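Dumped protein11.cif below, it's mmCIF, N, CA and C atoms:
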```
data_structure
#
loop_
_atom_site.label_atom_id
_atom_site.label_comp_id
_atom_site.auth_asym_id
_atom_site.auth_seq_id
_atom_site.Cartn_x
_atom_site.Cartn_y
_atom_site.Cartn_z
N MET A 276 154.30 -32.38 -89.06
CA MET A 276 153.06 -32.48 -88.31
C MET A 276 152.17 -31.30 -88.73
N ASP A 277 150.93 -31.59 -89.03
CA ASP A 277 149.98 -30.56 -89.44
C ASP A 277 149.63 -29.69 -88.24
N ILE A 278 150.03 -28.41 -88.29
CA ILE A 278 149.83 -27.52 -87.15
C ILE A 278 148.37 -27.19 -86.91
N HIS A 279 147.51 -27.49 -87.87
CA HIS A 279 146.08 -27.21 -87.71
C HIS A 279 145.31 -28.43 -87.22
N ASN A 280 145.99 -29.56 -87.09
CA ASN A 280 145.38 -30.76 -86.54
C ASN A 280 145.62 -30.75 -85.03
N ARG A 281 144.73 -30.06 -84.33
CA ARG A 281 144.92 -29.82 -82.90
C ARG A 281 145.00 -31.12 -82.10
N SER A 282 144.23 -32.12 -82.48
CA SER A 282 144.25 -33.38 -81.72
C SER A 282 145.59 -34.09 -81.87
N ARG A 283 146.20 -33.98 -83.03
CA ARG A 283 147.51 -34.61 -83.24
C ARG A 283 148.59 -33.88 -82.43
N ILE A 284 148.54 -32.56 -82.41
CA ILE A 284 149.49 -31.78 -81.60
C ILE A 284 149.27 -32.11 -80.12
N HIS A 285 148.01 -32.17 -79.71
CA HIS A 285 147.70 -32.51 -78.32
C HIS A 285 148.30 -33.86 -77.95
N TRP A 286 148.15 -34.83 -78.83
CA TRP A 286 148.71 -36.16 -78.57
C TRP A 286 150.24 -36.09 -78.45
N ALA A 287 150.89 -35.31 -79.29
CA ALA A 287 152.34 -35.19 -79.26
C ALA A 287 152.82 -34.48 -77.98
N CYS A 288 151.95 -33.71 -77.36
CA CYS A 288 152.31 -33.02 -76.10
C CYS A 288 152.39 -34.00 -74.94
N ARG A 289 151.72 -35.11 -75.04
CA ARG A 289 151.71 -36.09 -73.96
C ARG A 289 153.06 -36.80 -73.94
N ARG A 290 153.78 -36.62 -72.87
CA ARG A 290 155.13 -37.18 -72.76
C ARG A 290 155.15 -38.25 -71.68
N GLY A 291 156.29 -38.88 -71.52
CA GLY A 291 156.42 -39.93 -70.53
C GLY A 291 156.88 -39.44 -69.17
N MET A 292 157.14 -38.14 -69.07
CA MET A 292 157.64 -37.59 -67.81
C MET A 292 156.65 -36.57 -67.27
N ARG A 293 156.29 -36.71 -66.02
CA ARG A 293 155.34 -35.78 -65.40
C ARG A 293 155.82 -34.33 -65.49
N GLU A 294 157.12 -34.11 -65.30
CA GLU A 294 157.66 -32.75 -65.34
C GLU A 294 157.42 -32.12 -66.71
N LEU A 295 157.53 -32.91 -67.76
CA LEU A 295 157.27 -32.39 -69.10
C LEU A 295 155.79 -32.13 -69.31
N ASP A 296 154.95 -33.04 -68.82
CA ASP A 296 153.51 -32.84 -68.95
C ASP A 296 153.07 -31.55 -68.24
N ILE A 297 153.67 -31.25 -67.11
CA ILE A 297 153.33 -30.06 -66.35
C ILE A 297 153.76 -28.79 -67.10
N SER A 298 154.79 -28.87 -67.90
CA SER A 298 155.25 -27.70 -68.66
C SER A 298 154.56 -27.58 -70.01
N ILE A 299 154.46 -28.69 -70.72
CA ILE A 299 154.01 -28.64 -72.11
C ILE A 299 152.49 -28.60 -72.24
N MET A 300 151.77 -29.42 -71.47
CA MET A 300 150.32 -29.49 -71.64
C MET A 300 149.61 -28.17 -71.34
N PRO A 301 149.92 -27.49 -70.22
CA PRO A 301 149.25 -26.21 -69.99
C PRO A 301 149.58 -25.18 -71.07
N PHE A 302 150.81 -25.18 -71.54
CA PHE A 302 151.16 -24.25 -72.62
C PHE A 302 150.29 -24.54 -73.84
N PHE A 303 150.16 -25.80 -74.18
CA PHE A 303 149.33 -26.16 -75.33
C PHE A 303 147.88 -25.74 -75.10
N GLU A 304 147.34 -26.08 -73.95
CA GLU A 304 145.93 -25.83 -73.67
C GLU A 304 145.58 -24.35 -73.60
N TYR A 305 146.49 -23.53 -73.06
CA TYR A 305 146.18 -22.13 -72.83
C TYR A 305 146.79 -21.18 -73.86
N GLU A 306 147.82 -21.61 -74.56
CA GLU A 306 148.55 -20.67 -75.42
C GLU A 306 148.57 -21.05 -76.90
N TYR A 307 148.45 -22.32 -77.23
CA TYR A 307 148.66 -22.77 -78.61
C TYR A 307 147.79 -22.02 -79.61
N ASP A 308 146.52 -21.88 -79.31
CA ASP A 308 145.60 -21.24 -80.27
C ASP A 308 145.96 -19.78 -80.54
N SER A 309 146.65 -19.13 -79.62
CA SER A 309 147.01 -17.72 -79.82
C SER A 309 148.32 -17.56 -80.59
N LEU A 310 149.03 -18.65 -80.85
CA LEU A 310 150.29 -18.57 -81.60
C LEU A 310 150.00 -18.36 -83.08
N ASP A 311 150.93 -17.66 -83.75
CA ASP A 311 150.80 -17.56 -85.21
C ASP A 311 151.28 -18.88 -85.83
N ASP A 312 151.04 -19.05 -87.11
CA ASP A 312 151.37 -20.33 -87.76
C ASP A 312 152.85 -20.67 -87.67
N ASN A 313 153.72 -19.67 -87.73
CA ASN A 313 155.16 -19.94 -87.62
C ASN A 313 155.51 -20.50 -86.25
N ASP A 314 154.93 -19.91 -85.20
CA ASP A 314 155.20 -20.42 -83.86
C ASP A 314 154.52 -21.76 -83.61
N LYS A 315 153.37 -21.99 -84.21
CA LYS A 315 152.74 -23.31 -84.10
C LYS A 315 153.64 -24.37 -84.73
N ALA A 316 154.22 -24.05 -85.89
CA ALA A 316 155.13 -24.99 -86.56
C ALA A 316 156.39 -25.20 -85.72
N LEU A 317 156.87 -24.14 -85.10
CA LEU A 317 158.05 -24.25 -84.25
C LEU A 317 157.75 -25.11 -83.02
N PHE A 318 156.58 -24.92 -82.43
CA PHE A 318 156.17 -25.74 -81.29
C PHE A 318 156.09 -27.21 -81.70
N ALA A 319 155.50 -27.47 -82.85
CA ALA A 319 155.41 -28.85 -83.35
C ALA A 319 156.80 -29.43 -83.57
N ARG A 320 157.73 -28.62 -84.06
CA ARG A 320 159.10 -29.09 -84.26
C ARG A 320 159.76 -29.39 -82.92
N LEU A 321 159.50 -28.54 -81.92
CA LEU A 321 160.05 -28.79 -80.59
C LEU A 321 159.56 -30.12 -80.04
N LEU A 322 158.31 -30.46 -80.33
CA LEU A 322 157.73 -31.71 -79.83
C LEU A 322 158.37 -32.95 -80.43
N THR A 323 159.13 -32.80 -81.51
CA THR A 323 159.83 -33.94 -82.09
C THR A 323 161.14 -34.24 -81.35
N SER A 324 161.51 -33.39 -80.40
CA SER A 324 162.73 -33.59 -79.62
C SER A 324 162.54 -34.73 -78.63
N ASP A 325 163.64 -35.32 -78.25
CA ASP A 325 163.62 -36.40 -77.26
C ASP A 325 163.26 -35.86 -75.88
N ASP A 326 162.59 -36.68 -75.09
CA ASP A 326 162.18 -36.28 -73.74
C ASP A 326 163.34 -35.79 -72.88
N PRO A 327 164.49 -36.48 -72.85
CA PRO A 327 165.58 -35.98 -72.01
C PRO A 327 166.04 -34.58 -72.42
N ASP A 328 166.07 -34.31 -73.72
CA ASP A 328 166.44 -32.97 -74.18
C ASP A 328 165.40 -31.94 -73.74
N LEU A 329 164.13 -32.25 -73.97
CA LEU A 329 163.07 -31.32 -73.55
C LEU A 329 163.14 -31.05 -72.05
N PHE A 330 163.33 -32.10 -71.29
CA PHE A 330 163.43 -31.94 -69.84
C PHE A 330 164.56 -30.98 -69.48
N ASN A 331 165.75 -31.23 -70.04
CA ASN A 331 166.90 -30.38 -69.73
C ASN A 331 166.64 -28.93 -70.13
N TRP A 332 166.07 -28.72 -71.30
CA TRP A 332 165.83 -27.36 -71.77
C TRP A 332 164.79 -26.64 -70.93
N LEU A 333 163.69 -27.32 -70.64
CA LEU A 333 162.61 -26.67 -69.89
C LEU A 333 162.94 -26.48 -68.42
N MET A 334 163.89 -27.26 -67.90
CA MET A 334 164.31 -27.12 -66.51
C MET A 334 165.60 -26.29 -66.39
N ASN A 335 165.99 -25.64 -67.47
CA ASN A 335 167.19 -24.78 -67.51
C ASN A 335 168.48 -25.52 -67.20
N HIS A 336 168.57 -26.75 -67.66
CA HIS A 336 169.81 -27.52 -67.52
C HIS A 336 170.55 -27.59 -68.85
N GLY A 337 170.30 -26.63 -69.69
CA GLY A 337 170.90 -26.57 -71.02
C GLY A 337 169.94 -25.86 -71.94
N ALA A 338 170.36 -25.72 -73.18
CA ALA A 338 169.52 -25.04 -74.16
C ALA A 338 169.71 -25.71 -75.52
N PRO A 339 168.68 -25.67 -76.34
CA PRO A 339 168.85 -26.22 -77.69
C PRO A 339 169.88 -25.41 -78.46
N GLN A 340 170.57 -26.06 -79.35
CA GLN A 340 171.54 -25.33 -80.18
C GLN A 340 170.85 -24.45 -81.21
N ASP A 341 169.67 -24.85 -81.62
CA ASP A 341 168.88 -24.10 -82.58
C ASP A 341 168.27 -22.87 -81.90
N ALA A 342 168.56 -21.68 -82.43
CA ALA A 342 168.09 -20.43 -81.82
C ALA A 342 166.57 -20.33 -81.80
N GLU A 343 165.91 -20.84 -82.81
CA GLU A 343 164.45 -20.80 -82.84
C GLU A 343 163.86 -21.70 -81.75
N LEU A 344 164.44 -22.87 -81.57
CA LEU A 344 163.96 -23.73 -80.48
C LEU A 344 164.24 -23.10 -79.13
N GLN A 345 165.36 -22.40 -78.99
CA GLN A 345 165.65 -21.68 -77.76
C GLN A 345 164.55 -20.65 -77.48
N ARG A 346 164.12 -19.96 -78.53
CA ARG A 346 163.06 -18.95 -78.39
C ARG A 346 161.76 -19.61 -77.95
N MET A 347 161.42 -20.77 -78.51
CA MET A 347 160.18 -21.45 -78.13
C MET A 347 160.25 -21.95 -76.69
N VAL A 348 161.38 -22.49 -76.28
CA VAL A 348 161.55 -22.93 -74.89
C VAL A 348 161.35 -21.75 -73.95
N ALA A 349 161.97 -20.61 -74.28
CA ALA A 349 161.82 -19.41 -73.45
C ALA A 349 160.38 -18.95 -73.41
N LEU A 350 159.68 -19.02 -74.54
CA LEU A 350 158.27 -18.62 -74.60
C LEU A 350 157.42 -19.52 -73.70
N ILE A 351 157.65 -20.82 -73.77
CA ILE A 351 156.92 -21.76 -72.91
C ILE A 351 157.17 -21.43 -71.44
N GLN A 352 158.42 -21.24 -71.08
CA GLN A 352 158.76 -20.94 -69.69
C GLN A 352 158.12 -19.63 -69.23
N THR A 353 158.19 -18.61 -70.07
CA THR A 353 157.64 -17.30 -69.70
C THR A 353 156.13 -17.34 -69.57
N ARG A 354 155.46 -17.92 -70.56
CA ARG A 354 154.00 -17.96 -70.50
C ARG A 354 153.50 -18.81 -69.34
N ASN A 355 154.19 -19.92 -69.06
CA ASN A 355 153.79 -20.75 -67.93
C ASN A 355 153.99 -20.00 -66.62
N LYS A 356 155.09 -19.28 -66.52
CA LYS A 356 155.37 -18.52 -65.30
C LYS A 356 154.34 -17.40 -65.13
N ASP A 357 154.05 -16.68 -66.21
CA ASP A 357 153.08 -15.58 -66.14
C ASP A 357 151.69 -16.06 -65.77
N ARG A 358 151.31 -17.23 -66.26
CA ARG A 358 149.99 -17.78 -66.01
C ARG A 358 149.88 -18.33 -64.59
N GLY A 359 150.96 -18.82 -64.05
CA GLY A 359 150.96 -19.39 -62.71
C GLY A 359 150.60 -20.87 -62.77
N PRO A 360 150.58 -21.52 -61.60
CA PRO A 360 150.31 -22.96 -61.55
C PRO A 360 148.93 -23.29 -62.07
N VAL A 361 148.86 -24.41 -62.74
CA VAL A 361 147.60 -24.90 -63.29
C VAL A 361 147.40 -26.32 -62.78
N ALA A 362 146.26 -26.60 -62.24
CA ALA A 362 145.97 -27.96 -61.76
C ALA A 362 145.88 -28.90 -62.94
N MET A 363 146.48 -30.05 -62.82
CA MET A 363 146.46 -31.03 -63.90
C MET A 363 145.61 -32.19 -63.51
#
```

Represent the supplied structure as structure tokens.
Amino acid sequence: MDIHNRSRIHWACRRGMRELDISIMPFFEYEYDSLDDNDKALFARLLTSDDPDLFNWLMNHGAPQDAELQRMVALIQTRNKDRGPVAM
């Protein structure tokens, strides 16, 4: 996925589960542009994961086996927590 095609990344952020939308969309909207290209690529790679896996990882019901994906999940959780609730 082209990390500079913001509309394509935005589309990939849209998931079928509200819980995922609440975690992923605000991160994309508020944080994506500040990521370096490596983290943008990592975020895009995370978006290729299945919804049940993303749900489990973002809700702390498990972790990805890949250490880099673990780092991205932690970054999403931390930045969302630091920013506080965002109306959707």

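Residues with any atom within 7 Å of region 351-357 of chain A, counting only N, CA and C atoms and excluding same-chain neighbours fewer than 5 positions away, are Ser298, Pro301, Phe302, Leu333 and Arg346 of chain A.
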
Apply the PyMOL selection byres (((chain A and resi 278-292 and name CA) around 7) and name CA) to the file shown and report the selected residues as a list of chain:residue names.
-> A:Met276, A:Asp277, A:Arg293, A:Glu294, A:Leu295, A:Asp296, A:Ile299, A:Met300, A:Lys315, A:Ala316, A:Ala319, A:Leu322

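From atom C of Leu317 (chain A) back to atom N of Leu350 (chain A), the distance works out to 10.6 Å.
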
Is it possible to get the axis-aligned box enclosing region 323-332 of chain A (all listed atoms, 6 Å extra per side) as JSON, with centre and edge lengths in Å rounded to one decimal?
```
{"center_x": 163.0, "center_y": -31.7, "center_z": -75.8, "size_x": 19.8, "size_y": 22.0, "size_z": 24.6}
```

Which of chain A fall in alpha helix (DSSP H), as a PyMOL selection string = chain A and resi 281-288+293-306+312-321+326-333+342-358

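Atom pair CA of Ser309 (chain A) / atom N of Gln345 (chain A) has a distance of 19.0 Å (rounded to one decimal).
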
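CA of Leu329 (chain A) is found 19.2 Å from CA of Tyr305 (chain A).
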